[in-house]
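S.K.: Handing over run-v1.pdb, PDB, C-alpha atoms, pLDDT in the B column.
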ATOM      1  CA  MET J   1      23.134 100.641 123.770  1.00 58.00           C
ATOM      2  CA  ASN J   2      22.670  97.636 121.559  1.00 67.00           C
ATOM      3  CA  PRO J   3      19.232  96.007 122.102  1.00 66.00           C
ATOM      4  CA  ALA J   4      20.829  92.562 122.439  1.00 69.00           C
ATOM      5  CA  ASP J   5      23.186  93.836 125.150  1.00 73.00           C
ATOM      6  CA  TYR J   6      20.295  95.540 126.960  1.00 69.00           C
ATOM      7  CA  GLN J   7      18.322  92.309 126.989  1.00 71.00           C
ATOM      8  CA  TYR J   8      21.373  90.315 128.159  1.00 69.00           C
ATOM      9  CA  PHE J   9      22.064  92.684 131.082  1.00 72.00           C
ATOM     10  CA  HIS J  10      18.488  93.449 132.128  1.00 75.00           C
ATOM     11  CA  GLY J  11      16.616  90.327 131.076  1.00 75.00           C
ATOM     12  CA  VAL J  12      13.889  92.236 129.240  1.00 74.00           C
ATOM     13  CA  PRO J  13      13.809  93.529 125.672  1.00 70.00           C
ATOM     14  CA  MET J  14      14.795  97.150 125.134  1.00 61.00           C
ATOM     15  CA  PRO J  15      11.773  99.439 124.753  1.00 65.00           C
ATOM     16  CA  ILE J  16      11.448 100.631 121.175  1.00 63.00           C
ATOM     17  CA  GLU J  17      10.456 104.210 120.448  1.00 68.00           C
ATOM     18  CA  PRO J  18       7.625 104.518 117.926  1.00 70.00           C
ATOM     19  CA  SER J  19       8.865 105.483 114.499  1.00 79.00           C
ATOM     20  CA  MET J  20       7.171 107.773 112.034  1.00 75.00           C
ATOM     21  CA  LEU J  21       5.738 104.796 110.163  1.00 78.00           C
ATOM     22  CA  ASP J  22       4.251 103.377 113.358  1.00 84.00           C
ATOM     23  CA  THR J  23       2.690 106.755 114.100  1.00 82.00           C
ATOM     24  CA  VAL J  24       1.150 106.913 110.622  1.00 77.00           C
ATOM     25  CA  VAL J  25      -0.187 103.379 110.920  1.00 83.00           C
ATOM     26  CA  GLN J  26      -1.717 104.178 114.313  1.00 84.00           C
ATOM     27  CA  LEU J  27      -3.388 107.302 112.905  1.00 80.00           C
ATOM     28  CA  ILE J  28      -4.825 105.318 110.006  1.00 83.00           C
ATOM     29  CA  GLU J  29      -6.128 102.663 112.390  1.00 87.00           C
ATOM     30  CA  ARG J  30      -7.626 105.250 114.704  1.00 87.00           C
ATOM     31  CA  LEU J  31      -9.035 107.766 112.176  1.00 84.00           C
ATOM     32  CA  GLY J  32      -9.700 105.625 109.125  1.00 85.00           C
ATOM     33  CA  VAL J  33      -8.372 105.415 105.618  1.00 85.00           C
ATOM     34  CA  SER J  34     -10.543 108.225 104.252  1.00 86.00           C
ATOM     35  CA  ILE J  35      -9.170 110.787 106.724  1.00 85.00           C
ATOM     36  CA  ALA J  36      -5.618 109.583 106.056  1.00 82.00           C
ATOM     37  CA  VAL J  37      -6.151 110.038 102.312  1.00 88.00           C
ATOM     38  CA  VAL J  38      -7.549 113.529 102.898  1.00 90.00           C
ATOM     39  CA  LEU J  39      -4.513 114.455 105.010  1.00 86.00           C
ATOM     40  CA  ALA J  40      -2.103 113.023 102.438  1.00 88.00           C
ATOM     41  CA  SER J  41      -3.905 114.912  99.671  1.00 94.00           C
ATOM     42  CA  PHE J  42      -3.738 118.125 101.687  1.00 94.00           C
ATOM     43  CA  TYR J  43       0.005 117.695 102.190  1.00 93.00           C
ATOM     44  CA  TYR J  44       0.516 116.972  98.491  1.00 95.00           C
ATOM     45  CA  ILE J  45      -1.484 120.046  97.441  1.00 96.00           C
ATOM     46  CA  MET J  46       0.486 122.235  99.835  1.00 95.00           C
ATOM     47  CA  PHE J  47       3.744 120.792  98.481  1.00 94.00           C
ATOM     48  CA  LEU J  48       2.708 121.507  94.874  1.00 95.00           C
ATOM     49  CA  THR J  49       1.593 125.041  95.767  1.00 96.00           C
ATOM     50  CA  LYS J  50       4.926 125.792  97.430  1.00 95.00           C
ATOM     51  CA  GLN J  51       6.868 124.416  94.464  1.00 95.00           C
ATOM     52  CA  ALA J  52       4.775 126.448  92.009  1.00 95.00           C
ATOM     53  CA  LYS J  53       5.354 129.619  94.038  1.00 96.00           C
ATOM     54  CA  GLU J  54       9.125 129.102  94.015  1.00 95.00           C
ATOM     55  CA  GLU J  55       9.019 128.362  90.290  1.00 95.00           C
ATOM     56  CA  ARG J  56       7.062 131.567  89.576  1.00 96.00           C
ATOM     57  CA  GLN J  57       9.494 133.656  91.607  1.00 95.00           C
ATOM     58  CA  ALA J  58      12.475 132.180  89.769  1.00 94.00           C
ATOM     59  CA  TRP J  59      10.787 132.770  86.413  1.00 94.00           C
ATOM     60  CA  GLN J  60       9.959 136.389  87.285  1.00 95.00           C
ATOM     61  CA  ALA J  61      13.552 137.078  88.342  1.00 92.00           C
ATOM     62  CA  ARG J  62      14.847 135.552  85.106  1.00 93.00           C
ATOM     63  CA  ASP J  63      12.256 137.530  83.114  1.00 94.00           C
ATOM     64  CA  GLN J  64      13.321 140.809  84.730  1.00 92.00           C
ATOM     65  CA  ASP J  65      16.951 140.094  83.822  1.00 91.00           C
ATOM     66  CA  SER J  66      15.929 139.363  80.242  1.00 92.00           C
ATOM     67  CA  ASP J  67      13.907 142.584  80.083  1.00 92.00           C
ATOM     68  CA  ALA J  68      16.889 144.605  81.291  1.00 91.00           C
ATOM     69  CA  ARG J  69      19.151 143.049  78.632  1.00 92.00           C
ATOM     70  CA  LEU J  70      16.520 143.662  75.962  1.00 92.00           C
ATOM     71  CA  MET J  71      16.181 147.331  76.925  1.00 92.00           C
ATOM     72  CA  LYS J  72      19.969 147.753  76.756  1.00 91.00           C
ATOM     73  CA  LEU J  73      19.962 146.163  73.292  1.00 91.00           C
ATOM     74  CA  VAL J  74      17.119 148.415  72.098  1.00 90.00           C
ATOM     75  CA  GLU J  75      18.901 151.513  73.372  1.00 89.00           C
ATOM     76  CA  SER J  76      22.181 150.602  71.672  1.00 89.00           C
ATOM     77  CA  SER J  77      20.486 149.775  68.364  1.00 91.00           C
ATOM     78  CA  SER J  78      18.498 153.011  68.560  1.00 90.00           C
ATOM     79  CA  ASP J  79      21.716 154.980  69.048  1.00 89.00           C
ATOM     80  CA  ALA J  80      23.275 153.223  66.051  1.00 89.00           C
ATOM     81  CA  LEU J  81      20.248 154.055  63.897  1.00 91.00           C
ATOM     82  CA  ILE J  82      20.412 157.700  64.955  1.00 93.00           C
ATOM     83  CA  HIS J  83      24.066 157.847  63.891  1.00 93.00           C
ATOM     84  CA  VAL J  84      23.209 156.287  60.519  1.00 93.00           C
ATOM     85  CA  LYS J  85      20.357 158.788  60.061  1.00 94.00           C
ATOM     86  CA  ASN J  86      22.630 161.739  60.844  1.00 93.00           C
ATOM     87  CA  SER J  87      25.289 160.502  58.421  1.00 94.00           C
ATOM     88  CA  LEU J  88      22.669 160.013  55.710  1.00 94.00           C
ATOM     89  CA  ASP J  89      21.320 163.530  56.297  1.00 94.00           C
ATOM     90  CA  GLN J  90      24.846 164.971  55.984  1.00 94.00           C
ATOM     91  CA  ASN J  91      25.483 163.044  52.760  1.00 94.00           C
ATOM     92  CA  THR J  92      22.149 164.172  51.330  1.00 94.00           C
ATOM     93  CA  GLN J  93      22.956 167.801  52.185  1.00 93.00           C
ATOM     94  CA  ALA J  94      26.404 167.512  50.580  1.00 92.00           C
ATOM     95  CA  MET J  95      24.877 166.034  47.415  1.00 92.00           C
ATOM     96  CA  ARG J  96      22.321 168.874  47.237  1.00 91.00           C
ATOM     97  CA  GLU J  97      25.098 171.445  47.557  1.00 90.00           C
ATOM     98  CA  LEU J  98      27.106 169.745  44.776  1.00 89.00           C
ATOM     99  CA  LEU J  99      24.089 169.580  42.489  1.00 87.00           C
ATOM    100  CA  TYR J 100      23.243 173.213  43.234  1.00 87.00           C
ATOM    101  CA  ARG J 101      26.814 174.330  42.401  1.00 86.00           C
ATOM    102  CA  LYS J 102      26.877 172.270  39.228  1.00 82.00           C
ATOM    103  CA  SER J 103      23.561 173.635  37.970  1.00 77.00           C
ATOM    104  CA  ALA J 104      24.437 177.257  38.833  1.00 66.00           C
TER     105      ALA J 104
END
Let's see the structure in the file written out as structure tokens.

M.R.:
Amino acid sequence: MNPADYQYFHGVPMPIEPSMLDTVVQLIERLGVSIAVVLASFYYIMFLTKQAKEERQAWQARDQDSDARLMKLVESSSDALIHVKNSLDQNTQAMRELLYRKSA
């Protein structure tokens, strides 16, 4: 109900529920500024710790994906080098046979 309508029908202002800001102000008045600063600092530290944890987990997942791609690349390049080595060995053997036949 609209507060103006409530006051019109009942003759008294509508009771207002305390908001979060009112609650914080009451805590500061009751406990003091130093305790409020300590609580705010604690919340901020917890927030930063949680964010850092999520960031580390995301980085580790991305790093594992990169490692997997790198291993696949190393394996494929190793296979290519083995094929080149085998072809070079065959060519060297063929050249030795030709030189041996020519000199004999």

S.K.: So, counting all atoms listed in the file, which residue among J:Ala36, J:Ala68, J:Ala58, J:Gly11 is closest to Thr23 in chain J?

M.R.: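 Counting all atoms listed in the file, the residue closest to Thr23 in chain J is J:Ala36.
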
S.K.: So, with all atoms listed in the file as the atoms that count, which of J:Asp79, J:Trp59, J:Val24, J:Met71 lies closest to Val37 in chain J?

M.R.: J:Val24

S.K.: So what do you get for CA of Thr92 in chain J versus CA of Glu75 in chain J, distance-wise?

M.R.: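 If I compute the distance from CA of Thr92 in chain J to CA of Glu75 in chain J, I get 25.6 Å.
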
S.K.: Report, in Å to a single decimal, how far apart CA of Val25 in chain J and CA of Leu39 in chain J are.

M.R.: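 According to the coordinates, CA of Leu39 in chain J and CA of Val25 in chain J are separated by 13.3 Å.
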
S.K.: I'd like the box whose edges run along x, y and z of the file and which contains every listed atom of range 68-71 of chain J, padded by 4 Å per side; could you state its centre and edge lengths in Å, one decimal, as JSON?

M.R.:
{"center_x": 17.7, "center_y": 145.2, "center_z": 78.6, "size_x": 11.0, "size_y": 12.3, "size_z": 13.3}

S.K.: For CA of Ser41 in chain J and CA of Leu27 in chain J, determine how far apart the two atoms are, in Å to one decimal place.

M.R.: 15.3 Å
